[in-house]
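Presented below is the structure to which this report refers.
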Amino acid sequence: MNFYAIRAIYLFELARTWRTLLQSIATPVISTSLYFVVFGAAIGSRMEAMHGISYGAFIVPGLIMMALLSESISNASFGIYMPRYSGTIYEVLSAPVSYLEIVIGYVGAAATKSLLLGLIILITARLFVDFEIAHPFWMAFFLVLTAITFCLFGFIIGIWADGWEKLQIVPALIVTPLAFLGGSFYSIEMLPPLWQKITLFNPAVYLISGFRWSFYGVSDVNVAVSLGMTLGFLVLCLVLIGWIFRTGYRLKN
């Protein structure tokens with residue numbers, strides 16, 4: 001394992017974060033804080049408690065997860081797309097660096113940025129609402145697992161995209177709507193029975209439900225199912241990345 005190569009890629013990607021601190025960290029934190037102000041303080045005070053939890057506290061896991069999904073995909077997809085776009089990917093591919101080391105470097109840096117963002121939002125949420133974390137270990141585990149999984153997914157999108165439009169289409173038109181409809185702002189038990197069943201086809205439901213369980217011990221879906229679905233998506237992403245490197249799919253385009 002070439003740890004020097006991994007470290008070089010990892011630090012290079014992190015350095016880009018500090019150069020674009022306003023866009024990478026400040027913007028998503030401010031956007032999520034506005035959700036806390038509007039839904040947590042203004043509207044939340046007029047909403048009934050859900051599962052015995054105040055509405056403002058109930059939406060905290062959903063908002064963190066929504067930001068984490070979006071930023072994980074964006075960080076990882078841009079990280080690998082930019083070298084392809086500028087042509088510097090040839091320098092990486094011609095260096096004595098294995099495909100595994102490339103993935104660890106890029107995905108590790110993207111996951112670090114996403115986790116940092118998630119923790120900042122978690123701390124910021126305390127300024128607006130009171131909440132407790134019933135299972136801190138599982139909260140951290142779900143946070144890390146989700147960040148790594150969706151950074152891998154973002155890595156795949158960054159390789160698949162052949163233009164800036166495609167780079168944004170999956171996060172904007174697919175992931176964000178799924179997160180909104182996955183129980184970020186409500187419990188799926190509030191939906192009619194038919195829509196409850198339809199909602200279970202939304203993968204974001206399992207992520208948000210499992211993460212919320214780590215906070216309050218309540219969930220819309222069994223936590224074991226949530227964990228299994230997340231791990232299954234992680235394995236699928238790893239298989240796809242393995243296929244990409246075996247075939248060289250769009251790496252040199």
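Starting from 1 in every chain, residues are counted up; chains themselves are A, B, ... following the order of the structure tokens, and ligands are numbered from 1 as listed.
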
For range 63-78 of chain A, work out the shell of residues within 8 Å, counting only C-alpha atoms and skipping chain neighbours fewer than 6 positions away, then give it as a ChimeraX atom specification.
/A:28,32,35,106-107,110-111,113-115,117-118,121-122,146-148,150-159,167-168,171,175-176,179-180,184-185,207-208,211

Write out, as a compact mmCIF listing (two decimals), in the first residue's frame, the residues just selected, with N, CA and C atoms.
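The result, stored in again_30.txt:
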```
# COMPACT_ATOMS: atom_id res chain seq x y z
N PRO A 28 -23.48 25.47 2.96
CA PRO A 28 -24.42 24.45 3.44
C PRO A 28 -24.81 24.61 4.90
N THR A 32 -28.69 25.12 6.02
CA THR A 32 -29.33 24.23 6.98
C THR A 32 -29.81 25.00 8.20
N TYR A 35 -33.20 26.32 7.75
CA TYR A 35 -34.23 25.31 7.99
C TYR A 35 -34.56 25.23 9.48
N TYR A 106 -9.22 9.95 -2.78
CA TYR A 106 -10.30 10.86 -3.16
C TYR A 106 -11.52 10.71 -2.26
N VAL A 107 -11.95 9.48 -2.04
CA VAL A 107 -13.14 9.25 -1.23
C VAL A 107 -12.87 9.59 0.23
N ALA A 110 -13.11 13.38 0.55
CA ALA A 110 -14.51 13.82 0.43
C ALA A 110 -15.30 13.45 1.68
N ALA A 111 -15.08 12.23 2.22
CA ALA A 111 -15.79 11.80 3.42
C ALA A 111 -15.40 12.65 4.62
N LYS A 113 -14.46 15.80 4.59
CA LYS A 113 -15.15 17.08 4.46
C LYS A 113 -16.63 16.96 4.82
N SER A 114 -17.26 15.88 4.39
CA SER A 114 -18.68 15.68 4.69
C SER A 114 -18.91 15.48 6.18
N LEU A 115 -18.04 14.70 6.82
CA LEU A 115 -18.17 14.47 8.26
C LEU A 115 -17.95 15.76 9.03
N LEU A 117 -18.57 18.75 7.96
CA LEU A 117 -19.78 19.53 7.76
C LEU A 117 -20.92 19.02 8.64
N GLY A 118 -21.10 17.69 8.70
CA GLY A 118 -22.15 17.12 9.53
C GLY A 118 -21.99 17.47 10.99
N ILE A 121 -22.91 21.16 11.55
CA ILE A 121 -24.36 21.33 11.55
C ILE A 121 -24.96 20.80 12.85
N LEU A 122 -24.43 19.68 13.34
CA LEU A 122 -24.91 19.12 14.61
C LEU A 122 -24.69 20.10 15.75
N THR A 146 -22.66 6.48 6.21
CA THR A 146 -23.38 7.21 5.17
C THR A 146 -22.44 8.09 4.36
N ALA A 147 -21.52 8.77 5.05
CA ALA A 147 -20.58 9.64 4.35
C ALA A 147 -19.72 8.84 3.37
N ILE A 148 -19.18 7.72 3.81
CA ILE A 148 -18.33 6.89 2.94
C ILE A 148 -19.14 6.33 1.77
N PHE A 150 -21.94 7.41 0.32
CA PHE A 150 -22.37 8.37 -0.69
C PHE A 150 -21.20 9.12 -1.31
N CYS A 151 -20.05 9.12 -0.67
CA CYS A 151 -18.86 9.62 -1.35
C CYS A 151 -18.44 8.64 -2.45
N LEU A 152 -18.57 7.35 -2.18
CA LEU A 152 -18.32 6.35 -3.23
C LEU A 152 -19.30 6.53 -4.39
N PHE A 153 -20.57 6.79 -4.04
CA PHE A 153 -21.58 7.03 -5.07
C PHE A 153 -21.24 8.28 -5.86
N GLY A 154 -20.80 9.33 -5.17
CA GLY A 154 -20.40 10.56 -5.84
C GLY A 154 -19.19 10.34 -6.74
N PHE A 155 -18.26 9.50 -6.30
CA PHE A 155 -17.09 9.16 -7.11
C PHE A 155 -17.53 8.52 -8.43
N ILE A 156 -18.52 7.65 -8.34
CA ILE A 156 -19.05 7.01 -9.55
C ILE A 156 -19.70 8.04 -10.47
N ILE A 157 -20.45 8.97 -9.90
CA ILE A 157 -21.09 10.01 -10.71
C ILE A 157 -20.04 10.88 -11.38
N GLY A 158 -18.96 11.20 -10.65
CA GLY A 158 -17.90 12.02 -11.22
C GLY A 158 -17.22 11.36 -12.40
N ILE A 159 -17.14 10.05 -12.41
CA ILE A 159 -16.57 9.31 -13.54
C ILE A 159 -17.59 9.20 -14.68
N LEU A 167 -22.99 16.37 -13.89
CA LEU A 167 -22.40 16.34 -12.55
C LEU A 167 -23.41 16.79 -11.50
N GLN A 168 -24.33 17.65 -11.90
CA GLN A 168 -25.31 18.21 -10.96
C GLN A 168 -26.68 17.55 -11.02
N PRO A 171 -27.55 14.80 -7.96
CA PRO A 171 -27.83 15.40 -6.65
C PRO A 171 -29.06 16.30 -6.65
N VAL A 175 -31.33 12.93 -5.68
CA VAL A 175 -30.98 12.75 -4.26
C VAL A 175 -31.73 13.73 -3.36
N THR A 176 -31.74 15.01 -3.71
CA THR A 176 -32.41 16.00 -2.85
C THR A 176 -33.91 15.74 -2.74
N ALA A 179 -34.44 12.80 -0.44
CA ALA A 179 -34.20 13.16 0.96
C ALA A 179 -35.38 13.92 1.55
N PHE A 180 -35.96 14.84 0.76
CA PHE A 180 -37.13 15.59 1.23
C PHE A 180 -38.30 14.65 1.48
N SER A 184 -37.42 13.52 6.21
CA SER A 184 -36.58 14.53 6.86
C SER A 184 -37.41 15.45 7.74
N PHE A 185 -38.63 15.78 7.29
CA PHE A 185 -39.45 16.74 8.00
C PHE A 185 -40.70 16.13 8.63
N LEU A 207 -31.97 5.53 5.57
CA LEU A 207 -30.85 6.30 6.10
C LEU A 207 -31.32 7.25 7.19
N ILE A 208 -32.37 8.00 6.91
CA ILE A 208 -32.87 8.99 7.85
C ILE A 208 -33.47 8.32 9.07
N PHE A 211 -30.69 6.93 11.31
CA PHE A 211 -29.97 8.02 11.96
C PHE A 211 -30.82 8.64 13.07
```

I need the residues of range 73-172 of chain A that end up classed as alpha helix (DSSP H) by DSSP on the backbone, written out as a PyMOL selection string.
chain A and resi 73-86+89-94+99-125+136-160+164-170

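Of the residues listed (A:Phe131, A:Tyr206, A:Trp213, A:Trp160), A:Tyr206 shows the shortest atom-to-atom separation from Phe233 in chain A; distances use only C-alpha atoms.
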
Measuring between only C-alpha atoms, which one of A:Gly56, A:Gly242, A:Gly183, A:Gly210 shows the shortest distance to Ala224 in chain A?
A:Gly210

Of the candidates A:Asp220, A:Glu165, A:Glu189, A:Glu13, which one gets nearest to Gly79 in chain A if we count only C-alpha atoms?
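Ranking A:Asp220, A:Glu165, A:Glu189, A:Glu13 by distance to Gly79 in chain A, first place goes to A:Glu13.
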
Would you kindly return, as a PyMOL selection string, each protein, DNA or RNA residue with an atom no farther than 12 Å from any atom of Pro96 in chain A, considering only C-alpha atoms and excluding same-chain residues fewer than 5 positions away?
chain A and resi 1-6+90-91+101-102

Any chance you could export the current selection's all heavy atoms as a PDB file, in the first residue's frame?
```
ATOM      1  N   MET A   1       0.841  -1.196   0.000  1.00  0.00           N
ATOM      2  CA  MET A   1       0.000   0.000   0.000  1.00  0.00           C
ATOM      3  C   MET A   1       0.880   1.250   0.000  1.00  0.00           C
ATOM      4  O   MET A   1       1.734   1.410   0.879  1.00  0.00           O
ATOM      5  CB  MET A   1      -0.903  -0.003   1.237  1.00  0.00           C
ATOM      6  CG  MET A   1      -1.891   1.151   1.325  1.00  0.00           C
ATOM      7  SD  MET A   1      -3.209   1.049   0.111  1.00  0.00           S
ATOM      8  CE  MET A   1      -4.178  -0.295   0.796  1.00  0.00           C
ATOM      9  N   ASN A   2       0.678   2.110  -0.984  1.00  0.00           N
ATOM     10  CA  ASN A   2       1.467   3.338  -1.120  1.00  0.00           C
ATOM     11  C   ASN A   2       0.805   4.453  -0.304  1.00  0.00           C
ATOM     12  O   ASN A   2      -0.013   5.224  -0.807  1.00  0.00           O
ATOM     13  CB  ASN A   2       1.570   3.723  -2.594  1.00  0.00           C
ATOM     14  CG  ASN A   2       2.545   4.854  -2.831  1.00  0.00           C
ATOM     15  OD1 ASN A   2       2.930   5.575  -1.917  1.00  0.00           O
ATOM     16  ND2 ASN A   2       2.945   5.017  -4.080  1.00  0.00           N
ATOM     17  N   PHE A   3       1.194   4.548   0.954  1.00  0.00           N
ATOM     18  CA  PHE A   3       0.578   5.539   1.839  1.00  0.00           C
ATOM     19  C   PHE A   3       0.980   6.965   1.466  1.00  0.00           C
ATOM     20  O   PHE A   3       0.249   7.910   1.737  1.00  0.00           O
ATOM     21  CB  PHE A   3       0.949   5.249   3.293  1.00  0.00           C
ATOM     22  CG  PHE A   3       0.334   3.979   3.831  1.00  0.00           C
ATOM     23  CD1 PHE A   3       1.091   2.835   3.964  1.00  0.00           C
ATOM     24  CD2 PHE A   3      -1.017   3.936   4.173  1.00  0.00           C
ATOM     25  CE1 PHE A   3       0.521   1.665   4.445  1.00  0.00           C
ATOM     26  CE2 PHE A   3      -1.587   2.776   4.651  1.00  0.00           C
ATOM     27  CZ  PHE A   3      -0.819   1.634   4.794  1.00  0.00           C
ATOM     28  N   TYR A   4       2.145   7.127   0.858  1.00  0.00           N
ATOM     29  CA  TYR A   4       2.566   8.467   0.436  1.00  0.00           C
ATOM     30  C   TYR A   4       1.639   9.003  -0.658  1.00  0.00           C
ATOM     31  O   TYR A   4       1.281  10.188  -0.664  1.00  0.00           O
ATOM     32  CB  TYR A   4       4.010   8.422  -0.069  1.00  0.00           C
ATOM     33  CG  TYR A   4       5.024   8.154   1.014  1.00  0.00           C
ATOM     34  CD1 TYR A   4       5.592   6.891   1.157  1.00  0.00           C
ATOM     35  CD2 TYR A   4       5.410   9.153   1.908  1.00  0.00           C
ATOM     36  CE1 TYR A   4       6.521   6.626   2.162  1.00  0.00           C
ATOM     37  CE2 TYR A   4       6.328   8.907   2.910  1.00  0.00           C
ATOM     38  CZ  TYR A   4       6.884   7.646   3.033  1.00  0.00           C
ATOM     39  OH  TYR A   4       7.795   7.391   4.031  1.00  0.00           O
ATOM     40  N   ALA A   5       1.258   8.123  -1.574  1.00  0.00           N
ATOM     41  CA  ALA A   5       0.349   8.540  -2.646  1.00  0.00           C
ATOM     42  C   ALA A   5      -1.035   8.871  -2.092  1.00  0.00           C
ATOM     43  O   ALA A   5      -1.649   9.872  -2.484  1.00  0.00           O
ATOM     44  CB  ALA A   5       0.243   7.429  -3.688  1.00  0.00           C
ATOM     45  N   ILE A   6      -1.519   8.017  -1.189  1.00  0.00           N
ATOM     46  CA  ILE A   6      -2.825   8.274  -0.578  1.00  0.00           C
ATOM     47  C   ILE A   6      -2.814   9.607   0.156  1.00  0.00           C
ATOM     48  O   ILE A   6      -3.742  10.411   0.041  1.00  0.00           O
ATOM     49  CB  ILE A   6      -3.190   7.127   0.391  1.00  0.00           C
ATOM     50  CG1 ILE A   6      -3.397   5.821  -0.373  1.00  0.00           C
ATOM     51  CG2 ILE A   6      -4.444   7.479   1.185  1.00  0.00           C
ATOM     52  CD1 ILE A   6      -3.596   4.616   0.530  1.00  0.00           C
ATOM     53  N   TYR A  90      -4.361  11.943 -16.068  1.00  0.00           N
ATOM     54  CA  TYR A  90      -3.313  11.120 -16.674  1.00  0.00           C
ATOM     55  C   TYR A  90      -2.089  11.037 -15.771  1.00  0.00           C
ATOM     56  O   TYR A  90      -1.389  10.021 -15.756  1.00  0.00           O
ATOM     57  CB  TYR A  90      -2.924  11.689 -18.043  1.00  0.00           C
ATOM     58  CG  TYR A  90      -4.030  11.584 -19.058  1.00  0.00           C
ATOM     59  CD1 TYR A  90      -4.803  12.684 -19.399  1.00  0.00           C
ATOM     60  CD2 TYR A  90      -4.308  10.364 -19.676  1.00  0.00           C
ATOM     61  CE1 TYR A  90      -5.830  12.579 -20.326  1.00  0.00           C
ATOM     62  CE2 TYR A  90      -5.324  10.252 -20.615  1.00  0.00           C
ATOM     63  CZ  TYR A  90      -6.088  11.363 -20.924  1.00  0.00           C
ATOM     64  OH  TYR A  90      -7.104  11.263 -21.838  1.00  0.00           O
ATOM     65  N   GLU A  91      -1.817  12.114 -15.037  1.00  0.00           N
ATOM     66  CA  GLU A  91      -0.684  12.104 -14.117  1.00  0.00           C
ATOM     67  C   GLU A  91      -0.923  11.097 -12.999  1.00  0.00           C
ATOM     68  O   GLU A  91       0.000  10.396 -12.567  1.00  0.00           O
ATOM     69  CB  GLU A  91      -0.474  13.502 -13.537  1.00  0.00           C
ATOM     70  CG  GLU A  91      -0.143  14.557 -14.578  1.00  0.00           C
ATOM     71  CD  GLU A  91      -0.022  15.932 -13.976  1.00  0.00           C
ATOM     72  OE1 GLU A  91      -0.040  16.035 -12.727  1.00  0.00           O
ATOM     73  OE2 GLU A  91       0.100  16.911 -14.740  1.00  0.00           O
ATOM     74  N   GLU A 101      -5.736   2.758  -4.048  1.00  0.00           N
ATOM     75  CA  GLU A 101      -5.150   3.931  -3.390  1.00  0.00           C
ATOM     76  C   GLU A 101      -5.773   5.220  -3.908  1.00  0.00           C
ATOM     77  O   GLU A 101      -5.960   6.184  -3.144  1.00  0.00           O
ATOM     78  CB  GLU A 101      -3.641   3.925  -3.609  1.00  0.00           C
ATOM     79  CG  GLU A 101      -2.944   2.789  -2.864  1.00  0.00           C
ATOM     80  CD  GLU A 101      -1.607   2.402  -3.460  1.00  0.00           C
ATOM     81  OE1 GLU A 101      -1.230   2.987  -4.510  1.00  0.00           O
ATOM     82  OE2 GLU A 101      -0.940   1.515  -2.895  1.00  0.00           O
ATOM     83  N   ILE A 102      -6.111   5.245  -5.193  1.00  0.00           N
ATOM     84  CA  ILE A 102      -6.784   6.423  -5.759  1.00  0.00           C
ATOM     85  C   ILE A 102      -8.149   6.619  -5.095  1.00  0.00           C
ATOM     86  O   ILE A 102      -8.506   7.729  -4.690  1.00  0.00           O
ATOM     87  CB  ILE A 102      -6.943   6.266  -7.282  1.00  0.00           C
ATOM     88  CG1 ILE A 102      -5.581   6.324  -7.965  1.00  0.00           C
ATOM     89  CG2 ILE A 102      -7.865   7.351  -7.846  1.00  0.00           C
ATOM     90  CD1 ILE A 102      -5.625   6.020  -9.447  1.00  0.00           C
TER      91      ILE A 102
END
```

When you draw a straight line from CA of Val60 in chain A to CA of Phe36 in chain A, how long is it in Å?
7.9 Å

Looking at A:Leu227, A:Gly182, A:Glu48, A:Arg212, which one is nearest to Ile198 in chain A, with distances taken over only C-alpha atoms?
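Checking each candidate against Ile198 in chain A, we get A:Gly182 as the closest.
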
Could you jot down the CA of Thr17 in chain A to CA of Tyr99 in chain A separation for me, Å, one decimal place?
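About the pair CA of Thr17 in chain A and CA of Tyr99 in chain A: they are 23.2 Å apart.
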
Please indicate the distance in Å from CA of Leu100 in chain A to CA of Met229 in chain A, rounded to one decimal place.
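About the pair CA of Leu100 in chain A and CA of Met229 in chain A: they are 23.8 Å apart.
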